[in-house]
Amino acid sequence: VQTATINLTVTQLLSFTLSAAPSAVSVIQGSNVPSTITVNPRGGFTDSVNLAASGLPSGVTASFNPTSTTSTSTLTLTTSSSATTGPATVTITGTSGSVMQTATINLTVTQPPSYSLSTGTPSPSSVKPGEKSTTPLTLSSANGYSGNVTLSCSIAPIVSPAPSCSIGGANPVTVSSAGVSATLTFTTIGPSAAMFRHSTSALYAVWLPVPGLAL
């Protein structure tokens, strides 16, 4: 019986892994958010890795700086003002020759902070010349909005003598998660020769030119 020996050395396959930091990001419509993509070499891997992104929601674009790297690249996810909201999984693919690896980023697109304006029931619901009617207003925070909102009002159609409207209480009002209230007062002018030339059943529309909102 004879023997022979073989010296066997096992080495790591030349390869790499990808990682993203942070791997979970949230971005508001119309803005952007960065994430650092890192190439982690294995087995002495030194080649450059080409990066690409997939699984992007509608209205979201991805850019890498640089697009090919041996170390790190900054990924910027940019959303349009109409980008699809909600969660999505973005897949980052790194390719070098025949070697391909992936990493994922949990992306959440949210609406920008805003507020809503609602009105209560006018009291009284109809007025005679020289009388007043008040309407409660409620401003509610949406998507974490917090800030000051200036309320104003105007009346259409323009008639003579013209009624008036005013906002009661503090103005601007500070909107927070708890919401805030205000009061709109509509005042008509007393009887006059001019007033009698208009129908006593005339209807008036009161407009609150708050950005994106009208009453």
# chains A, B, ... in the order shown; residues from 1 in each chain; ligands from 1
>>> residues_around(residues="A:Pro34", least_positions_apart="3", cutoff="7 Å", atoms="only C-alpha atoms", output="PyMOL selection string")
chain A and resi 74-77
>>> write_last_selection(atoms="C-alpha atoms", output="mmCIF file, in the first residue's frame")
data_model
loop_
_atom_site.group_PDB
_atom_site.id
_atom_site.type_symbol
_atom_site.label_atom_id
_atom_site.label_comp_id
_atom_site.auth_asym_id
_atom_site.auth_seq_id
_atom_site.Cartn_x
_atom_site.Cartn_y
_atom_site.Cartn_z
ATOM 1 C CA THR A 74 -25.021 57.649 -2.766
ATOM 2 C CA LEU A 75 -28.497 56.685 -3.940
ATOM 3 C CA THR A 76 -30.990 59.543 -4.134
ATOM 4 C CA LEU A 77 -34.688 58.685 -4.373
#
>>> atom_distance(atom1="atom CA of A:Cys165", atom2="atom CA of A:Thr121")
15.8 Å
>>> closest_residue(among="A:Ser126, A:Thr84, A:Ser177, A:Thr138", to="A:Thr110", atoms="only C-alpha atoms")
A:Thr84
>>> closest_residue(among="A:Val60, A:Leu184, A:Val33, A:Val90", to="A:Asn171", atoms="only C-alpha atoms")
A:Leu184
>>> closest_residue(among="A:Ser146, A:Ser73, A:Ser118, A:Thr134", to="A:Ala52", atoms="only C-alpha atoms")
A:Ser73
>>> residues_around(residues="A:Ser31", least_positions_apart="6", cutoff="9 Å", atoms="only C-alpha atoms", output="ChimeraX atom specification")
/A:77-81
>>> write_last_selection(atoms="all heavy atoms", output="PDB file, in the first residue's frame")
ATOM      1  N   LEU A  77     -33.330  58.995  -3.915  1.00  0.00           N
ATOM      2  CA  LEU A  77     -34.688  58.685  -4.373  1.00  0.00           C
ATOM      3  C   LEU A  77     -35.467  59.992  -4.388  1.00  0.00           C
ATOM      4  O   LEU A  77     -35.624  60.648  -3.349  1.00  0.00           O
ATOM      5  CB  LEU A  77     -35.348  57.669  -3.451  1.00  0.00           C
ATOM      6  CG  LEU A  77     -34.678  56.284  -3.408  1.00  0.00           C
ATOM      7  CD1 LEU A  77     -35.272  55.435  -2.291  1.00  0.00           C
ATOM      8  CD2 LEU A  77     -34.825  55.577  -4.744  1.00  0.00           C
ATOM      9  N   THR A  78     -35.957  60.379  -5.564  1.00  0.00           N
ATOM     10  CA  THR A  78     -36.647  61.649  -5.737  1.00  0.00           C
ATOM     11  C   THR A  78     -38.109  61.394  -6.111  1.00  0.00           C
ATOM     12  O   THR A  78     -38.393  60.591  -7.002  1.00  0.00           O
ATOM     13  CB  THR A  78     -35.976  62.498  -6.829  1.00  0.00           C
ATOM     14  OG1 THR A  78     -34.598  62.713  -6.481  1.00  0.00           O
ATOM     15  CG2 THR A  78     -36.668  63.840  -6.986  1.00  0.00           C
ATOM     16  N   THR A  79     -39.014  62.080  -5.437  1.00  0.00           N
ATOM     17  CA  THR A  79     -40.444  61.894  -5.686  1.00  0.00           C
ATOM     18  C   THR A  79     -41.040  63.138  -6.334  1.00  0.00           C
ATOM     19  O   THR A  79     -40.667  64.263  -6.011  1.00  0.00           O
ATOM     20  CB  THR A  79     -41.206  61.606  -4.384  1.00  0.00           C
ATOM     21  OG1 THR A  79     -41.098  62.743  -3.521  1.00  0.00           O
ATOM     22  CG2 THR A  79     -40.641  60.381  -3.683  1.00  0.00           C
ATOM     23  N   SER A  80     -41.987  62.934  -7.236  1.00  0.00           N
ATOM     24  CA  SER A  80     -42.735  64.042  -7.815  1.00  0.00           C
ATOM     25  C   SER A  80     -43.859  64.427  -6.865  1.00  0.00           C
ATOM     26  O   SER A  80     -44.143  63.715  -5.892  1.00  0.00           O
ATOM     27  CB  SER A  80     -43.309  63.650  -9.176  1.00  0.00           C
ATOM     28  OG  SER A  80     -44.334  62.678  -9.011  1.00  0.00           O
ATOM     29  N   SER A  81     -44.519  65.550  -7.143  1.00  0.00           N
ATOM     30  CA  SER A  81     -45.616  65.992  -6.279  1.00  0.00           C
ATOM     31  C   SER A  81     -46.830  65.069  -6.366  1.00  0.00           C
ATOM     32  O   SER A  81     -47.716  65.129  -5.512  1.00  0.00           O
ATOM     33  CB  SER A  81     -46.028  67.422  -6.652  1.00  0.00           C
ATOM     34  OG  SER A  81     -46.437  67.480  -8.010  1.00  0.00           O
TER      35      SER A  81
END
